[in-house]
Amino acid sequence: MNIVAYGGGLNSTAMIVGLLSRGVEIELILFADTGGEKPHTYEYIEMFSEWIKKNGHDKGIIKVRKAGNNETLKENCLRKNMLPSVAYGFKSCSQKFKIQPQDKYLNNYEPAKATWKGGEKIVKFIGYDADEHHRAKYHVLDKYELKFPLIEWDDGREECKEIIKEAGLPVPGKSACFFCPSSRASEIR
């Protein structure tokens with residue numbers, strides 16, 4: 001079974017377009033909603049989900065959120081009176097608000113449970129482009145085999161833009177929480 005961890009930005013959009021154009025079967029496309037994306041990202045996800053449905057994937061993009069009290073990352077920061085963990089040199093906001101919600105969804109998804117019960121792993125496609133191959137972690141996971149198609153295809157940032165344009169889609173804006181301490185001044189403006 002193949003799934004996509006969709007981030008809502010340039011790379012993961014180009015990756016999905018590339019996978020669909022190559023006829024790769026995708027069971028699920030999951031977007032982990034932190035509740036803090038910029039408005040243009042939410043708008044793009046809705047538009048792209050419709051495009052995906054018209055181009056061979058009937059489920060479109062499935063939004064998942066952190067389990068439990070359904071608290072967003074912004075609400076979590078306000079309640080704890082702190083910045084996102086990346087401001088302190090940690091990456092737990094991605095783990096808690098992106099990876100864990102996707103894992104929880106899959107842990108309760110019957111076809112995923114059947115895949116694991118059969119002794120197989122789920123292939124999880126992640127959209128790091130060829131210009132950022134250093135981000136790709138090829139470590140062994142119990143339930144997943146991670147694949148980085150853009151790196152395999154040697155598609156960097158500029159190639160990703162072209163893939164999206166050739167599909168007749170607008171190029172998405174930067175996808176990130178609007179309050180992320182890692183944002184550049186130009187991204188905030």
# chains A, B, ... in the order shown; residues from 1 in each chain; ligands from 1
$ residues_around --residues "Lys38 (chain A)" --least-positions-apart "4" --cutoff "7 Å" --atoms "only C-alpha atoms" --output "PyMOL selection string"
chain A and resi 42+176-178
$ write_last_selection --atoms "C-alpha atoms" --output "PDB file, in the first residue's frame"
ATOM      1  CA  TYR A  42      -5.774  25.948   2.963  1.00  0.00           C
ATOM      2  CA  ALA A 176       4.234  26.521   7.065  1.00  0.00           C
ATOM      3  CA  CYS A 177       2.535  27.678  10.210  1.00  0.00           C
ATOM      4  CA  PHE A 178       2.016  31.433  10.081  1.00  0.00           C
TER       5      PHE A 178
END
$ select_by_dssp --residues "region 67-168 of chain A" --states "strand (DSSP E)" --output "PyMOL selection string"
chain A and resi 122-126+144-147
$ closest_residue --among "A:Val4, A:Val17, A:Arg184, A:Phe179" --to "Ile163 (chain A)" --atoms "only C-alpha atoms"
A:Val17
$ select_by_dssp --residues "region 71-180 of chain A" --states "alpha helix (DSSP H)" --output "MDAnalysis selection string"
chainID A and resid 73:80 92:94 100:107 110:117 149:152 157:166
$ closest_residue --among "A:Met15, A:Ala130, A:Ile62, A:Cys180" --to "Ser94 (chain A)" --atoms "only C-alpha atoms"
A:Cys180
$ residues_around --residues "Lys143 (chain A)" --least-positions-apart "3" --cutoff "12 Å" --atoms "only C-alpha atoms" --output "CSV table (one decimal) with C-alpha atoms, in the first residue's frame"
chain,number,residue,atom,x,y,z
A,1,MET,CA,0.0,0.0,0.0
A,103,ASP,CA,0.2,7.6,12.2
A,106,LEU,CA,-3.3,4.8,9.7
A,107,ASN,CA,-3.4,2.8,12.9
A,112,ALA,CA,-3.4,-0.4,6.7
A,113,LYS,CA,-4.0,-2.8,9.6
A,114,ALA,CA,-4.5,-5.6,7.1
A,115,THR,CA,-1.2,-4.7,5.4
A,116,TRP,CA,0.7,-4.8,8.6
A,117,LYS,CA,-1.1,-8.0,9.7
A,118,GLY,CA,0.1,-9.6,6.4
A,119,GLY,CA,3.7,-8.7,7.4
A,120,GLU,CA,4.1,-5.9,4.9
A,121,LYS,CA,5.1,-2.3,5.3
A,122,ILE,CA,3.3,0.7,4.0
A,123,VAL,CA,5.2,2.8,1.5
A,124,LYS,CA,5.1,6.4,2.6
A,139,HIS,CA,16.3,4.6,8.4
A,140,VAL,CA,14.3,1.4,9.0
A,146,LEU,CA,10.0,5.8,3.3
$ closest_residue --among "A:His40, A:Ile3, A:Thr72, A:Met82" --to "Gly60 (chain A)" --atoms "only C-alpha atoms"
A:Ile3
$ residues_around --residues "Lys161 (chain A)" --least-positions-apart "2" --cutoff "10 Å" --atoms "only C-alpha atoms" --output "number ranges by chain"
A: 10-11, 13-14, 155-159, 163-166, 169-172
$ closest_residue --among "A:Gly36, A:Gly56, A:Gly9, A:Pro101" --to "Pro84 (chain A)" --atoms "only C-alpha atoms"
A:Gly36
$ residues_around --residues "Ile29 (chain A)" --least-positions-apart "6" --cutoff "10 Å" --atoms "only C-alpha atoms" --output "PyMOL selection string"
chain A and resi 2-7+16+49+52+57+59-63+102+124-125
$ decode --residues "region 87-102 of chain A" --atoms "all heavy atoms" --output "short mmCIF file (atom, residue, chain, number, x, y, z; two decimals), in the first residue's frame"
data_model
loop_
_atom_site.label_atom_id
_atom_site.label_comp_id
_atom_site.auth_asym_id
_atom_site.auth_seq_id
_atom_site.Cartn_x
_atom_site.Cartn_y
_atom_site.Cartn_z
N ALA A 87 11.61 26.87 18.07
CA ALA A 87 12.26 28.08 18.61
C ALA A 87 13.31 27.73 19.66
O ALA A 87 14.22 28.51 19.92
CB ALA A 87 11.22 29.02 19.22
N TYR A 88 13.17 26.54 20.24
CA TYR A 88 14.09 26.10 21.29
C TYR A 88 15.06 25.02 20.78
O TYR A 88 15.73 24.37 21.57
CB TYR A 88 13.29 25.57 22.48
CG TYR A 88 12.23 26.53 22.95
CD1 TYR A 88 10.89 26.29 22.68
CD2 TYR A 88 12.56 27.70 23.63
CE1 TYR A 88 9.90 27.17 23.09
CE2 TYR A 88 11.57 28.58 24.04
CZ TYR A 88 10.26 28.32 23.77
OH TYR A 88 9.29 29.21 24.18
N GLY A 89 15.08 24.83 19.47
CA GLY A 89 16.01 23.85 18.88
C GLY A 89 15.47 22.44 18.78
O GLY A 89 16.22 21.51 18.51
N PHE A 90 14.18 22.25 19.00
CA PHE A 90 13.57 20.93 18.92
C PHE A 90 12.63 20.87 17.72
O PHE A 90 12.26 21.89 17.18
CB PHE A 90 12.81 20.59 20.20
CG PHE A 90 13.65 20.66 21.44
CD1 PHE A 90 13.56 21.75 22.30
CD2 PHE A 90 14.56 19.65 21.73
CE1 PHE A 90 14.34 21.83 23.44
CE2 PHE A 90 15.35 19.73 22.87
CZ PHE A 90 15.23 20.82 23.72
N LYS A 91 12.23 19.68 17.35
CA LYS A 91 11.30 19.51 16.24
C LYS A 91 10.03 18.78 16.69
O LYS A 91 9.38 18.12 15.91
CB LYS A 91 11.96 18.71 15.11
CG LYS A 91 13.07 19.43 14.41
CD LYS A 91 12.50 20.34 13.37
CE LYS A 91 13.62 20.94 12.54
NZ LYS A 91 13.11 21.72 11.45
N SER A 92 9.68 18.88 17.96
CA SER A 92 8.53 18.12 18.45
C SER A 92 7.20 18.62 17.89
O SER A 92 6.23 17.87 17.86
CB SER A 92 8.50 18.08 19.97
OG SER A 92 8.30 19.37 20.50
N CYS A 93 7.12 19.85 17.40
CA CYS A 93 5.86 20.31 16.84
C CYS A 93 5.53 19.50 15.58
O CYS A 93 4.38 19.11 15.37
CB CYS A 93 5.83 21.81 16.58
SG CYS A 93 7.20 22.49 15.67
N SER A 94 6.53 19.19 14.76
CA SER A 94 6.30 18.35 13.58
C SER A 94 5.90 16.94 14.01
O SER A 94 4.99 16.34 13.43
CB SER A 94 7.54 18.28 12.71
OG SER A 94 7.78 19.51 12.10
N GLN A 95 6.58 16.42 15.00
CA GLN A 95 6.28 15.07 15.47
C GLN A 95 4.85 14.99 16.03
O GLN A 95 4.08 14.12 15.65
CB GLN A 95 7.29 14.65 16.55
CG GLN A 95 7.07 13.27 17.12
CD GLN A 95 7.29 12.16 16.11
OE1 GLN A 95 8.16 12.24 15.27
NE2 GLN A 95 6.50 11.11 16.19
N LYS A 96 4.50 15.92 16.91
CA LYS A 96 3.19 15.88 17.57
C LYS A 96 2.02 16.27 16.67
O LYS A 96 0.93 15.73 16.79
CB LYS A 96 3.19 16.81 18.79
CG LYS A 96 3.99 16.31 19.95
CD LYS A 96 3.93 17.33 21.08
CE LYS A 96 4.83 16.95 22.22
NZ LYS A 96 4.89 18.00 23.24
N PHE A 97 2.25 17.25 15.80
CA PHE A 97 1.14 17.81 15.06
C PHE A 97 1.11 17.42 13.58
O PHE A 97 0.17 17.76 12.88
CB PHE A 97 1.11 19.33 15.21
CG PHE A 97 0.74 19.75 16.61
CD1 PHE A 97 1.70 19.90 17.59
CD2 PHE A 97 -0.59 19.93 16.95
CE1 PHE A 97 1.36 20.26 18.89
CE2 PHE A 97 -0.95 20.30 18.24
CZ PHE A 97 0.03 20.46 19.22
N LYS A 98 2.13 16.70 13.12
CA LYS A 98 2.14 16.24 11.72
C LYS A 98 2.27 14.72 11.63
O LYS A 98 1.42 14.05 11.08
CB LYS A 98 3.24 16.94 10.93
CG LYS A 98 2.94 18.42 10.73
CD LYS A 98 3.86 19.05 9.72
CE LYS A 98 3.45 20.48 9.47
NZ LYS A 98 2.87 20.69 8.17
N ILE A 99 3.33 14.18 12.18
CA ILE A 99 3.59 12.74 12.05
C ILE A 99 2.60 11.91 12.87
O ILE A 99 1.99 10.97 12.35
CB ILE A 99 5.05 12.41 12.43
CG1 ILE A 99 6.00 13.12 11.45
CG2 ILE A 99 5.29 10.91 12.43
CD1 ILE A 99 7.46 13.11 11.88
N GLN A 100 2.43 12.25 14.14
CA GLN A 100 1.54 11.46 15.00
C GLN A 100 0.09 11.41 14.51
O GLN A 100 -0.53 10.34 14.53
CB GLN A 100 1.61 11.94 16.45
CG GLN A 100 2.88 11.55 17.14
CD GLN A 100 2.97 12.09 18.57
OE1 GLN A 100 2.03 12.69 19.09
NE2 GLN A 100 4.13 11.90 19.19
N PRO A 101 -0.50 12.53 14.04
CA PRO A 101 -1.87 12.43 13.54
C PRO A 101 -2.00 11.51 12.32
O PRO A 101 -2.98 10.78 12.19
CB PRO A 101 -2.23 13.88 13.18
CG PRO A 101 -1.33 14.71 14.01
CD PRO A 101 -0.05 13.93 14.12
N GLN A 102 -1.00 11.53 11.45
CA GLN A 102 -1.03 10.64 10.29
C GLN A 102 -0.91 9.19 10.74
O GLN A 102 -1.63 8.31 10.26
CB GLN A 102 0.07 11.00 9.30
CG GLN A 102 -0.16 12.33 8.63
CD GLN A 102 0.91 12.69 7.62
OE1 GLN A 102 1.53 11.82 7.02
NE2 GLN A 102 1.13 13.98 7.42
#
